[in-house]
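Okay, run.txt now, which holds compact mmCIF, C-alpha atoms:
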```txt
# COMPACT_ATOMS: atom_id res chain seq x y z
CA MET A 2 92.21 135.37 -127.50
CA ALA A 3 92.94 131.68 -127.65
CA GLU A 4 96.40 130.34 -128.32
CA PRO A 5 97.05 130.61 -132.05
CA SER A 6 97.35 127.21 -133.65
CA ALA A 7 100.42 128.41 -135.56
CA LEU A 8 102.27 128.27 -132.25
CA ARG A 9 101.59 124.66 -131.36
CA THR A 10 104.54 122.31 -131.14
CA PRO A 11 105.02 120.38 -134.39
CA SER A 12 104.40 116.67 -134.29
CA ALA A 13 103.46 113.94 -136.70
CA GLY A 14 100.26 113.14 -134.80
CA GLY A 15 97.03 113.46 -136.77
CA ILE A 16 98.72 113.57 -140.17
CA ALA A 17 97.98 110.59 -142.40
CA HIS A 18 100.62 109.73 -144.96
CA PRO A 19 100.53 105.99 -145.70
CA ALA A 20 103.20 104.57 -147.95
CA GLY A 21 102.57 104.05 -151.64
CA ALA A 22 102.20 106.12 -154.77
CA ASN A 23 98.45 106.53 -154.29
CA ARG A 24 98.54 107.64 -150.67
CA ASP A 25 95.97 110.23 -149.61
CA LEU A 26 96.72 113.93 -149.88
CA THR A 27 96.89 116.06 -146.75
CA LYS A 28 94.87 119.28 -146.68
CA ALA A 29 96.65 122.28 -145.19
CA ILE A 30 96.78 126.07 -145.23
CA ILE A 31 99.91 128.05 -146.13
CA ILE A 32 101.00 130.17 -143.17
CA ALA A 33 104.33 131.51 -144.46
CA ALA A 34 106.35 131.66 -147.66
CA HIS A 35 109.98 132.40 -148.50
CA GLY A 36 110.96 131.97 -152.12
CA ARG A 37 109.65 128.57 -153.20
CA HIS A 38 109.70 127.22 -149.66
CA TYR A 39 106.45 127.23 -147.72
CA LEU A 40 105.22 126.46 -144.25
CA ALA A 41 101.76 124.93 -144.01
CA LEU A 42 99.46 124.16 -141.11
CA ALA A 43 97.43 120.93 -140.96
CA ASP A 44 95.48 120.00 -137.86
CA GLY A 45 97.72 122.19 -135.71
CA VAL A 46 100.92 120.71 -137.14
CA ARG A 47 103.41 122.80 -139.11
CA LEU A 48 104.68 121.18 -142.29
CA GLN A 49 107.51 122.30 -144.56
CA CYS A 50 106.55 122.05 -148.21
CA VAL A 51 107.69 122.93 -151.71
CA THR A 52 106.10 123.09 -155.13
CA ARG A 53 106.92 120.85 -158.04
CA GLY A 54 109.38 122.37 -160.51
CA LYS A 55 109.76 126.14 -160.41
CA LYS A 56 106.13 126.97 -159.69
CA SER A 57 105.88 129.75 -157.10
CA ASP A 58 102.36 131.13 -157.43
CA ILE A 59 101.30 130.07 -153.94
CA ALA A 60 100.12 132.69 -151.46
CA VAL A 61 99.88 132.78 -147.70
CA GLY A 62 96.31 131.83 -146.88
CA ASP A 63 96.00 129.35 -149.73
CA GLY A 64 94.38 126.02 -149.01
CA VAL A 65 96.62 123.33 -150.47
CA ASN A 66 96.77 119.56 -150.88
CA LEU A 67 100.08 117.97 -149.94
CA GLN A 68 101.72 114.72 -150.91
CA MET A 69 103.61 113.87 -147.73
CA THR A 70 107.26 112.88 -148.20
CA SER A 71 108.11 112.55 -144.50
CA ALA A 72 106.51 113.17 -141.13
CA ASN A 73 106.76 116.96 -141.46
CA GLN A 74 107.48 117.59 -145.15
CA GLY A 75 105.42 117.47 -148.30
CA VAL A 76 105.00 118.57 -151.89
CA ILE A 77 102.15 120.86 -152.92
CA GLU A 78 100.11 118.94 -155.49
CA SER A 79 97.22 121.38 -155.91
CA VAL A 80 95.74 124.62 -154.62
CA ASP A 81 92.11 125.00 -153.62
CA GLU A 82 89.97 127.56 -155.41
CA ARG A 83 90.53 131.00 -153.92
CA ALA A 84 87.76 133.20 -152.57
CA SER A 85 90.03 136.22 -152.96
CA LEU A 86 93.61 137.13 -153.84
CA LEU A 87 95.43 140.32 -152.95
CA TYR A 88 98.63 141.14 -154.77
CA ARG A 89 100.62 144.07 -156.06
CA SER A 90 102.57 144.39 -159.26
CA ASP A 91 104.94 146.61 -161.15
CA GLN A 92 105.78 146.77 -164.84
CA TYR A 93 107.71 143.51 -164.76
CA LYS A 94 106.41 141.19 -162.04
CA SER A 95 103.74 140.62 -159.43
CA LYS A 96 104.02 139.96 -155.69
CA LEU A 97 101.33 137.85 -154.01
CA LEU A 98 100.23 139.23 -150.63
CA ALA A 99 97.58 136.80 -149.38
CA ALA A 100 94.74 134.56 -150.50
CA ASN A 101 91.26 134.01 -149.08
CA VAL A 102 91.28 137.14 -146.94
CA THR A 103 87.94 138.71 -146.12
CA GLN A 104 89.19 142.09 -145.01
CA LEU A 105 92.17 144.42 -145.24
CA PHE A 106 93.35 146.67 -142.40
CA ILE A 107 95.50 149.57 -143.57
CA VAL A 108 97.50 150.75 -140.56
CA VAL A 109 98.48 154.43 -140.43
CA ALA A 110 99.70 156.58 -137.55
CA THR A 111 99.84 160.11 -136.29
CA GLU A 112 103.60 159.88 -136.72
CA PRO A 113 105.65 159.26 -138.78
CA GLY A 114 103.79 160.60 -141.77
CA PHE A 115 102.04 158.20 -144.12
CA ALA A 116 101.58 158.27 -147.89
CA ASP A 117 98.08 158.97 -149.22
CA ASP A 118 99.08 157.30 -152.47
CA LEU A 119 99.73 153.99 -150.70
CA ILE A 120 96.38 154.14 -148.89
CA SER A 121 94.51 154.96 -152.09
CA ARG A 122 96.16 152.16 -154.05
CA ALA A 123 95.55 149.62 -151.28
CA LEU A 124 91.87 150.59 -151.20
CA VAL A 125 91.61 150.12 -154.97
CA ALA A 126 93.30 146.72 -154.67
CA ALA A 127 90.83 145.68 -151.96
CA ASP A 128 87.79 146.79 -153.96
CA ALA A 129 89.08 145.06 -157.08
CA ALA A 130 89.53 141.83 -155.09
CA GLY A 131 86.16 142.05 -153.37
CA VAL A 132 87.76 142.48 -149.95
CA ARG A 133 86.39 144.86 -147.30
CA ALA A 134 88.85 147.58 -146.32
CA HIS A 135 89.29 149.39 -143.00
CA LEU A 136 91.73 152.07 -141.92
CA VAL A 137 93.31 151.76 -138.48
CA LEU A 138 94.71 154.99 -137.07
CA ASN A 139 97.32 154.08 -134.46
CA LYS A 140 99.18 156.24 -131.93
CA ILE A 141 96.26 158.58 -131.20
CA ASP A 142 98.01 159.40 -127.91
CA VAL A 143 100.35 161.57 -130.00
CA THR A 144 97.89 164.45 -129.78
CA ALA A 145 100.05 167.09 -131.47
CA SER A 146 99.50 165.41 -134.85
CA LEU A 147 96.05 163.95 -134.22
CA ALA A 148 93.85 166.71 -135.62
CA ARG A 149 95.81 166.96 -138.86
CA THR A 150 95.89 163.16 -139.27
CA ARG A 151 92.13 162.91 -138.76
CA GLU A 152 91.63 165.59 -141.38
CA ARG A 153 93.74 163.63 -143.87
CA LEU A 154 91.59 160.54 -143.32
CA LEU A 155 88.25 162.30 -143.78
CA PRO A 156 88.13 161.78 -147.58
CA TYR A 157 88.42 158.00 -147.10
CA ALA A 158 85.76 157.96 -144.39
CA ALA A 159 83.52 159.95 -146.73
CA LEU A 160 83.87 157.15 -149.30
CA GLY A 161 82.51 154.68 -146.75
CA TYR A 162 85.75 153.13 -145.48
CA PRO A 163 85.60 152.72 -141.69
CA VAL A 164 88.33 154.45 -139.67
CA HIS A 165 89.18 152.97 -136.24
CA GLU A 166 91.28 154.94 -133.77
CA VAL A 167 93.59 153.04 -131.40
CA THR A 168 96.84 153.31 -129.52
CA ALA A 169 98.47 149.92 -129.13
CA ARG A 170 101.11 150.88 -126.59
CA ALA A 171 99.32 153.53 -124.52
CA ALA A 172 95.94 151.79 -124.29
CA PRO A 173 96.32 148.10 -125.19
CA GLU A 174 93.06 146.94 -123.58
CA ALA A 175 91.01 149.59 -125.37
CA THR A 176 92.76 148.69 -128.63
CA CYS A 177 91.83 145.02 -128.22
CA ALA A 178 88.26 146.01 -127.37
CA THR A 179 88.07 148.05 -130.58
CA LEU A 180 89.71 145.62 -132.99
CA GLY A 181 88.89 142.24 -131.44
CA PRO A 182 85.22 142.13 -132.52
CA LEU A 183 86.18 143.26 -136.03
CA LEU A 184 88.68 140.42 -136.37
CA ALA A 185 86.49 137.62 -135.00
CA GLY A 186 85.46 135.13 -137.66
CA GLU A 187 87.44 136.91 -140.37
CA SER A 188 90.69 136.41 -142.26
CA THR A 189 92.38 139.80 -141.98
CA ILE A 190 95.58 141.05 -143.54
CA LEU A 191 97.37 144.05 -142.03
CA ILE A 192 99.44 146.26 -144.28
CA GLY A 193 101.22 149.53 -143.68
CA GLN A 194 104.40 151.46 -144.11
CA SER A 195 107.26 150.94 -141.71
CA GLY A 196 106.86 152.83 -138.45
CA MET A 197 103.06 152.79 -138.31
CA GLY A 198 103.03 150.41 -135.31
CA LYS A 199 101.78 147.35 -137.16
CA SER A 200 104.15 145.06 -135.24
CA SER A 201 102.86 146.46 -131.94
CA LEU A 202 99.32 145.68 -133.01
CA ILE A 203 100.24 142.14 -134.06
CA ASN A 204 102.03 141.49 -130.77
CA LEU A 205 98.97 142.76 -128.93
CA LEU A 206 96.40 140.81 -130.92
CA VAL A 207 98.32 137.56 -131.36
CA PRO A 208 99.51 135.74 -128.22
CA ASP A 209 103.24 134.91 -128.36
CA ALA A 210 103.60 136.41 -131.84
CA ASP A 211 107.35 136.92 -131.34
CA ILE A 212 107.78 133.24 -130.54
CA ALA A 213 105.79 132.30 -133.64
CA VAL A 214 107.95 134.54 -135.83
CA ARG A 215 111.13 132.91 -134.54
CA GLU A 216 109.75 129.41 -135.05
CA ILE A 217 108.44 130.16 -138.53
CA SER A 218 111.71 131.86 -139.45
CA ALA A 219 113.69 128.84 -138.27
CA ALA A 220 111.43 126.45 -140.18
CA LEU A 221 111.92 128.44 -143.37
CA ASP A 222 115.63 128.93 -142.64
CA THR A 223 115.36 132.68 -143.12
CA GLY A 224 117.63 133.55 -140.23
CA LYS A 225 117.31 137.15 -139.17
CA HIS A 226 115.19 138.14 -142.14
CA THR A 227 111.96 137.82 -140.20
CA THR A 228 110.36 140.97 -141.62
CA THR A 229 110.70 140.03 -145.28
CA PHE A 230 107.89 137.53 -145.58
CA THR A 231 104.16 137.42 -144.98
CA ARG A 232 102.88 135.12 -142.23
CA LEU A 233 99.50 133.91 -141.02
CA TYR A 234 98.50 133.43 -137.40
CA ALA A 235 95.52 131.10 -136.94
CA ILE A 236 93.73 132.38 -133.85
CA ASP A 237 90.96 129.79 -134.03
CA ALA A 238 89.13 127.75 -136.67
CA GLN A 239 87.35 130.84 -138.03
CA THR A 240 89.79 133.66 -137.28
CA SER A 241 93.21 134.40 -138.70
CA ILE A 242 95.47 137.45 -138.87
CA ILE A 243 98.02 137.88 -141.65
CA ASP A 244 101.01 140.15 -141.10
CA SER A 245 102.81 141.54 -144.14
CA PRO A 246 106.18 143.29 -144.45
CA GLY A 247 106.14 147.07 -144.49
CA PHE A 248 106.38 148.51 -147.98
CA GLN A 249 106.32 151.96 -149.51
CA GLU A 250 104.74 151.28 -152.91
CA PHE A 251 101.62 149.46 -154.06
CA GLY A 252 101.72 148.90 -157.81
CA LEU A 253 98.51 147.82 -159.53
CA TYR A 254 99.76 147.20 -163.05
CA HIS A 255 97.70 144.01 -163.24
CA LEU A 256 94.33 145.78 -163.11
CA SER A 257 92.68 146.42 -166.47
CA GLU A 258 90.88 149.66 -167.25
CA GLY A 259 87.51 148.03 -166.67
CA MET A 260 88.62 146.58 -163.35
CA LEU A 261 90.00 149.93 -162.26
CA GLU A 262 86.90 152.00 -162.92
CA ARG A 263 84.75 149.54 -160.97
CA ALA A 264 87.24 149.57 -158.06
CA PHE A 265 86.46 153.23 -157.33
CA PRO A 266 83.15 153.11 -155.42
CA GLU A 267 82.38 156.76 -156.12
CA PHE A 268 82.62 156.09 -159.87
CA ARG A 269 79.93 153.41 -159.89
CA PRO A 270 76.83 155.65 -160.00
CA PHE A 271 78.20 157.30 -163.15
CA LEU A 272 79.49 154.29 -165.07
CA GLY A 273 77.59 153.68 -168.29
CA LYS A 274 76.36 157.27 -168.43
CA CYS A 275 79.14 158.74 -170.57
CA LYS A 276 78.29 159.83 -174.11
CA TYR A 277 80.64 157.22 -175.60
CA TYR A 278 80.42 153.59 -174.48
CA ASN A 279 84.22 153.21 -174.62
CA CYS A 280 84.93 156.41 -172.71
CA HIS A 281 88.30 156.41 -170.90
CA HIS A 282 87.25 159.25 -168.55
CA ALA A 283 90.25 161.28 -169.65
CA ASN A 284 89.57 163.92 -172.29
CA GLU A 285 86.37 162.66 -173.93
CA PRO A 286 83.44 165.10 -174.23
CA GLU A 287 80.34 164.58 -172.09
CA CYS A 288 82.09 162.14 -169.78
CA ALA A 289 79.92 161.43 -166.74
CA ILE A 290 82.98 160.77 -164.54
CA ARG A 291 84.64 164.06 -165.44
CA GLY A 292 81.30 165.80 -164.97
CA ALA A 293 81.13 164.35 -161.45
CA VAL A 294 84.63 165.65 -160.77
CA ALA A 295 83.58 169.10 -161.95
CA ASP A 296 80.53 169.22 -159.66
CA GLY A 297 82.38 167.88 -156.64
CA SER A 298 80.85 164.38 -156.53
CA ILE A 299 84.27 162.82 -157.19
CA ALA A 300 87.46 164.21 -155.65
CA PRO A 301 90.01 165.43 -158.22
CA MET A 302 92.70 163.47 -156.35
CA ARG A 303 90.81 160.23 -156.90
CA HIS A 304 90.25 160.90 -160.60
CA ALA A 305 93.95 161.70 -160.99
CA LEU A 306 94.80 158.40 -159.28
CA TYR A 307 92.51 156.52 -161.66
CA LEU A 308 94.22 158.09 -164.69
CA GLN A 309 97.66 157.27 -163.26
CA LEU A 310 96.70 153.65 -162.58
CA LYS A 311 95.19 153.33 -166.05
CA HIS A 312 98.43 154.63 -167.54
CA GLU A 313 100.46 152.14 -165.51
CA SER A 314 98.28 149.20 -166.57
CA GLU A 315 98.99 150.09 -170.19
CA GLN A 316 102.75 149.71 -169.58
CA THR A 317 102.65 146.11 -168.34
CA LEU A 318 105.33 143.89 -169.89
CA TYR A 319 104.90 140.60 -167.95
```

Take the structure in the file and give it back as structure tokens.
Amino acid sequence: MAEPSALRTPSAGGIAHPAGANRDLTKAIIIAAHGRHYLALADGVRLQCVTRGKKSDIAVGDGVNLQMTSANQGVIESVDERASLLYRSDQYKSKLLAANVTQLFIVVATEPGFADDLISRALVAADAAGVRAHLVLNKIDVTASLARTRERLLPYAALGYPVHEVTARAAPEATCATLGPLLAGESTILIGQSGMGKSSLINLLVPDADIAVREISAALDTGKHTTTFTRLYAIDAQTSIIDSPGFQEFGLYHLSEGMLERAFPEFRPFLGKCKYYNCHHANEPECAIRGAVADGSIAPMRHALYLQLKHESEQTLY
């Protein structure tokens, strides 16, 4: 792959910021965020930027318009309309993951074990945001756990989510051959629990990723806390890879009941066919969704997840 533009040496070249109150705004893309401090990329140049006041609803991947205050610093004046936004939330707050992504790669591994609940919630989040989701099974060279891991992923494959098998460390060239074409021309975010090998995949797919992390970390003054923020690597003008910190939970408190039921692809053929138009698919008689669970068209685990997510959305306080 070509040298990612996020790695280019910062300079003031190509950035127009004439003096005066009405000077032109500079268009950029947010490549990293830490608190209310952001790092943006404009024409291959990294720019430190902040928001006005206490506003902090900017996501990695956002297109922004900056009012330049110096050669490499600016203030975010506005955010371009988003094509998509992925975020997670709990009862009290939300956490933006990335904006304008076209696909989500959920990285799992043969070992250590992964949580089905996290996978299921991430898939719901992707469907709700209109983002294509893939599962990437890493470490397939660990054959002792491979058969069982494949079996655990079968229900997701049956729902139509592609599963790609790789081993970043044992077969790096084959891994690039598998994932490279899927990444080309897309904005892809990788998520996964700690230990799944996501960092190994990033280092394989992004040239000099470790150098980029150090430079971005220094620019944001985050010191050693390089794994606590999301960052974007611009591979070329059409391709970017977004790396996110490992996390164990994926709250979806922000999704309404209507959004949730449409985010389960296996529910869609049955929506609108319940006896009652305001059916909650819980205990109502002649519910088409519950009927589909009974006849095996919908997995009981998925219906239980829907009910749990619906319950959580009803507890939202923010």

Anything within 12 Å of (91.1, 146.5, -172.3): list those residues as a list in words, counting all atoms listed in the file and sticking to the file's coordinates.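 These residues have at least one counted atom within 12 Å: His255, Leu256, Ser257, Glu258, Gly259, Met260, Leu261, Glu262, Asn279, Cys280, His281, Lys311, His312, Ser314 and Glu315 of chain A.
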
Separation of CA of Ser90 in chain A from CA of Glu78 in chain A, in Å and rounded to one decimal: 25.8 Å

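If you look at CA of Tyr234 in chain A and CA of Val207 in chain A, they are 7.3 Å away from each other.
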
Nearest to Lys274 in chain A, chosen from A:Asp244, A:Asp44, A:Glu287, A:Glu166, with only C-alpha atoms counted in the distances: A:Glu287

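The space separating CA of Asp63 in chain A from CA of Ala100 in chain A comes to 5.4 Å.
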
Pick out the closest residue to Arg89 in chain A from this set: A:Ala29, A:Thr168, A:Leu124, A:Ala185. Count all atoms listed in the file.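 Closest residue, counting all atoms listed in the file: A:Leu124.
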
Shell of 8 Å around Val108 in chain A, all atoms listed in the file, local chain residues under 2 positions omitted, as a count of residues only: 13

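Distances to Gly181 in chain A were evaluated for A:Arg83, A:Lys276, A:His165, A:Lys96 using all atoms listed in the file, and the minimum falls at A:His165.
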